[in-house]
Amino acid sequence: LNGFTGLFSLGQAGFMLVGAYAFAAINIDSSIRSTVYQYYDPLLKFSLTETLQNALGQTAGTALGVFLSLLLAGLLAAGLAYLIGLPVLKLKSDYLAIATLGFAEIIRAIFQWKKLGPLTNGSNLLKSFARINTFKLTVGGTTLSFSTFVPVLIATICIALLVLLVNSTYGRAFKAIRDDEIAAEAMGVDLAKHKMLSFCTSCFFAGISGAMMAMVLSIAQANNFKAAMTYEILLMVVLGGIGSISGSVIGALLFISASEWWLRGLDMGKFL
């Protein structure tokens, strides 16, 4: 969205929030759902992963349930992005950034609205759903954990899809819009269509990443998705180099290494 299409958005945290809540809401264990929604009567009465586990077995049910939940999280975020993009994508530069930032804060406020409590649990957190450490396989009495392999695999698949998109005709249209909108339009590129496609695609993967973050943290709460998260994401992209997928990956690794490993290690006096 930013590096290849040249659209400066500051609303990614809001779409990550949508993905996190979508994933959590449909995967809370049905036996304790009433405990999680202790102040509300829960709107959803089932757990997708739990239902598939009962039908297909623990391993296959968990894998398929998480896959479908991630896909749904991304699609919901993309659908919301389409609605927001209709008025917002007519803006440019700083105005687009301000508008998307405003919508992200509106989304965060709406998800904490008590009228939506039966679905989002209001300002309370959602918990007790499929987590990263759920992925375990017992072979011959030995339990193997896939808590590192699964998120790396999901991220790799997402990055591969983005590489294919960027190298396609749509990707070339994105780059043309970034370099010169007037020239791109003169060559037959539909600006509105491709801007919307880029925006929805970006938000689709933001929704998946929000769901993955919920799996890692084991909770989904609106206050975790503030504007500061969008700034961190933007910092990763700029640090790695605008318009470079590999650079964004390296920038993310450097940022997390500095903030989570090196800085925390120095604070604790136990470096690395």
# chains A, B, ... in the order shown; residues from 1 in each chain; ligands from 1
$ residues_around --residues "A:Phe199" --least-positions-apart "2" --cutoff "8 Å" --atoms "only C-alpha atoms" --output "PyMOL selection string"
chain A and resi 1+81-82+85+195-197+201-203
$ residues_around --residues "A:Leu116" --least-positions-apart "5" --cutoff "12 Å" --atoms "only C-alpha atoms" --output "number ranges by chain"
A: 37, 39-43, 109-111, 121-124
$ write_last_selection --atoms "N, CA and C atoms" --output "PDB file, in the first residue's frame"
ATOM      1  N   TYR A  37     -17.587 -13.801  28.597  1.00  0.00           N
ATOM      2  CA  TYR A  37     -18.570 -12.730  28.453  1.00  0.00           C
ATOM      3  C   TYR A  37     -19.359 -12.606  29.750  1.00  0.00           C
ATOM      4  N   TYR A  39     -20.222 -10.123  31.557  1.00  0.00           N
ATOM      5  CA  TYR A  39     -21.157  -9.007  31.699  1.00  0.00           C
ATOM      6  C   TYR A  39     -22.188  -8.958  30.578  1.00  0.00           C
ATOM      7  N   TYR A  40     -22.108  -9.897  29.636  1.00  0.00           N
ATOM      8  CA  TYR A  40     -23.002  -9.871  28.483  1.00  0.00           C
ATOM      9  C   TYR A  40     -23.482 -11.287  28.167  1.00  0.00           C
ATOM     10  N   ASP A  41     -24.579 -11.353  27.439  1.00  0.00           N
ATOM     11  CA  ASP A  41     -25.056 -12.620  26.904  1.00  0.00           C
ATOM     12  C   ASP A  41     -24.403 -12.802  25.534  1.00  0.00           C
ATOM     13  N   PRO A  42     -23.470 -13.751  25.378  1.00  0.00           N
ATOM     14  CA  PRO A  42     -22.708 -13.860  24.129  1.00  0.00           C
ATOM     15  C   PRO A  42     -23.599 -14.111  22.918  1.00  0.00           C
ATOM     16  N   LEU A  43     -23.324 -13.383  21.833  1.00  0.00           N
ATOM     17  CA  LEU A  43     -24.097 -13.531  20.604  1.00  0.00           C
ATOM     18  C   LEU A  43     -23.768 -14.845  19.900  1.00  0.00           C
ATOM     19  N   ALA A 109     -12.757   2.559  19.110  1.00  0.00           N
ATOM     20  CA  ALA A 109     -13.790   3.034  20.039  1.00  0.00           C
ATOM     21  C   ALA A 109     -15.079   2.226  19.883  1.00  0.00           C
ATOM     22  N   ILE A 110     -15.460   1.921  18.646  1.00  0.00           N
ATOM     23  CA  ILE A 110     -16.695   1.175  18.397  1.00  0.00           C
ATOM     24  C   ILE A 110     -16.609  -0.228  18.992  1.00  0.00           C
ATOM     25  N   PHE A 111     -15.441  -0.859  18.879  1.00  0.00           N
ATOM     26  CA  PHE A 111     -15.296  -2.220  19.390  1.00  0.00           C
ATOM     27  C   PHE A 111     -15.367  -2.258  20.916  1.00  0.00           C
ATOM     28  N   ASN A 121     -17.436  -8.113  23.644  1.00  0.00           N
ATOM     29  CA  ASN A 121     -17.197  -8.101  25.095  1.00  0.00           C
ATOM     30  C   ASN A 121     -16.858  -6.712  25.607  1.00  0.00           C
ATOM     31  N   GLY A 122     -17.277  -5.690  24.877  1.00  0.00           N
ATOM     32  CA  GLY A 122     -17.081  -4.315  25.320  1.00  0.00           C
ATOM     33  C   GLY A 122     -15.612  -3.959  25.486  1.00  0.00           C
ATOM     34  N   SER A 123     -15.290  -3.347  26.607  1.00  0.00           N
ATOM     35  CA  SER A 123     -13.906  -2.970  26.885  1.00  0.00           C
ATOM     36  C   SER A 123     -13.120  -4.097  27.543  1.00  0.00           C
ATOM     37  N   ASN A 124     -13.767  -5.232  27.765  1.00  0.00           N
ATOM     38  CA  ASN A 124     -13.096  -6.379  28.369  1.00  0.00           C
ATOM     39  C   ASN A 124     -12.390  -7.197  27.293  1.00  0.00           C
TER      40      ASN A 124
END
$ closest_residue --among "A:Val237, A:Ala160, A:Ile177, A:Ala130" --to "A:Leu70" --atoms "only C-alpha atoms"
A:Ala130
$ closest_residue --among "A:Trp262, A:Tyr21, A:Tyr95, A:Phe204" --to "A:Gln112" --atoms "only C-alpha atoms"
A:Tyr21
$ residues_around --residues "A:Leu165" --least-positions-apart "6" --cutoff "10 Å" --atoms "only C-alpha atoms" --output "ChimeraX atom specification"
/A:159,171-172,174,198,201
$ write_last_selection --atoms "N, CA and C atoms" --output "JSON list (two decimals), in the first residue's frame"
[["chain", "number", "residue", "atom", "x", "y", "z"],
["A", 159, "ILE", "N", 3.87, -13.62, 2.70],
["A", 159, "ILE", "CA", 4.91, -12.90, 1.97],
["A", 159, "ILE", "C", 5.02, -13.41, 0.54],
["A", 171, "GLY", "N", 0.58, -5.54, -9.81],
["A", 171, "GLY", "CA", 1.72, -4.94, -9.15],
["A", 171, "GLY", "C", 2.37, -3.85, -9.99],
["A", 172, "ARG", "N", 2.46, -4.09, -11.30],
["A", 172, "ARG", "CA", 3.03, -3.06, -12.19],
["A", 172, "ARG", "C", 2.13, -1.83, -12.25],
["A", 174, "PHE", "N", 0.25, -0.85, -9.72],
["A", 174, "PHE", "CA", 0.50, -0.17, -8.43],
["A", 174, "PHE", "C", 1.72, 0.74, -8.53],
["A", 198, "SER", "N", -5.38, -2.27, -3.87],
["A", 198, "SER", "CA", -4.19, -2.21, -3.03],
["A", 198, "SER", "C", -4.57, -2.01, -1.56],
["A", 201, "THR", "N", -6.22, -5.26, -0.21],
["A", 201, "THR", "CA", -5.21, -6.32, -0.07],
["A", 201, "THR", "C", -4.35, -6.08, 1.16]]
$ select_by_dssp --residues "stretch 98-190 of chain A" --states "helix (DSSP H, G or I)" --output "MDAnalysis selection string"
chainID A and resid 98:111 114:120 132:134 149:166 169:179 181:186
$ write_last_selection --atoms "C-alpha atoms" --output "short mmCIF file (atom, residue, chain, number, x, y, z; two decimals), in the first residue's frame"
data_model
loop_
_atom_site.label_atom_id
_atom_site.label_comp_id
_atom_site.auth_asym_id
_atom_site.auth_seq_id
_atom_site.Cartn_x
_atom_site.Cartn_y
_atom_site.Cartn_z
CA ILE A 98 -5.09 11.68 8.77
CA ALA A 99 -8.38 10.18 7.56
CA THR A 100 -7.21 6.56 7.92
CA LEU A 101 -5.76 7.31 11.35
CA GLY A 102 -9.11 8.77 12.37
CA PHE A 103 -11.02 5.73 11.11
CA ALA A 104 -8.65 3.41 12.99
CA GLU A 105 -9.39 5.24 16.24
CA ILE A 106 -13.12 5.15 15.47
CA ILE A 107 -12.94 1.38 14.93
CA ARG A 108 -11.15 0.96 18.26
CA ALA A 109 -13.79 3.03 20.04
CA ILE A 110 -16.70 1.17 18.40
CA PHE A 111 -15.30 -2.22 19.39
CA LYS A 114 -21.05 -1.63 25.29
CA LYS A 115 -23.88 -1.97 22.76
CA LEU A 116 -21.63 -4.41 20.89
CA GLY A 117 -20.71 -6.19 24.13
CA PRO A 118 -22.46 -9.47 23.21
CA LEU A 119 -20.05 -9.75 20.27
CA THR A 120 -16.88 -7.87 21.28
CA ILE A 132 0.08 -20.66 19.06
CA ASN A 133 1.04 -23.19 21.75
CA THR A 134 -2.08 -25.21 20.80
CA PHE A 149 6.96 -23.25 13.03
CA VAL A 150 3.28 -22.27 12.59
CA PRO A 151 3.61 -18.45 12.69
CA VAL A 152 6.73 -18.60 10.50
CA LEU A 153 4.84 -20.76 8.01
CA ILE A 154 1.82 -18.43 7.93
CA ALA A 155 4.04 -15.37 7.51
CA THR A 156 6.01 -17.08 4.73
CA ILE A 157 2.82 -17.91 2.82
CA CYS A 158 1.58 -14.32 3.15
CA ILE A 159 4.91 -12.90 1.97
CA ALA A 160 4.98 -15.31 -0.99
CA LEU A 161 1.48 -14.20 -2.02
CA LEU A 162 2.55 -10.55 -1.82
CA VAL A 163 5.62 -11.23 -3.98
CA LEU A 164 3.40 -12.87 -6.61
CA LEU A 165 1.00 -9.91 -6.49
CA VAL A 166 3.74 -7.30 -6.81
CA THR A 169 0.20 -6.95 -13.88
CA TYR A 170 -1.61 -5.53 -10.84
CA GLY A 171 1.72 -4.94 -9.15
CA ARG A 172 3.03 -3.06 -12.19
CA ALA A 173 -0.11 -0.92 -12.14
CA PHE A 174 0.50 -0.17 -8.43
CA LYS A 175 4.05 0.98 -9.20
CA ALA A 176 2.83 3.12 -12.09
CA ILE A 177 0.35 4.88 -9.78
CA ARG A 178 3.13 5.46 -7.25
CA ASP A 179 5.49 6.95 -9.81
CA GLU A 181 -0.75 8.98 -11.45
CA ILE A 182 -1.38 11.10 -14.53
CA ALA A 183 0.88 9.00 -16.74
CA ALA A 184 -0.60 5.78 -15.34
CA GLU A 185 -4.13 6.96 -16.09
CA ALA A 186 -3.09 8.01 -19.59
#
$ closest_residue --among "A:Met229, A:Val189, A:Leu83, A:Val238" --to "A:Met213" --atoms "only C-alpha atoms"
A:Met229
$ atom_distance --atom1 "atom CA of A:Ile219" --atom2 "atom CA of A:Lys127"
4.7 Å
$ closest_residue --among "A:Gln12, A:Ser257, A:Gln58, A:Asn2" --to "A:Gly243" --atoms "only C-alpha atoms"
A:Asn2
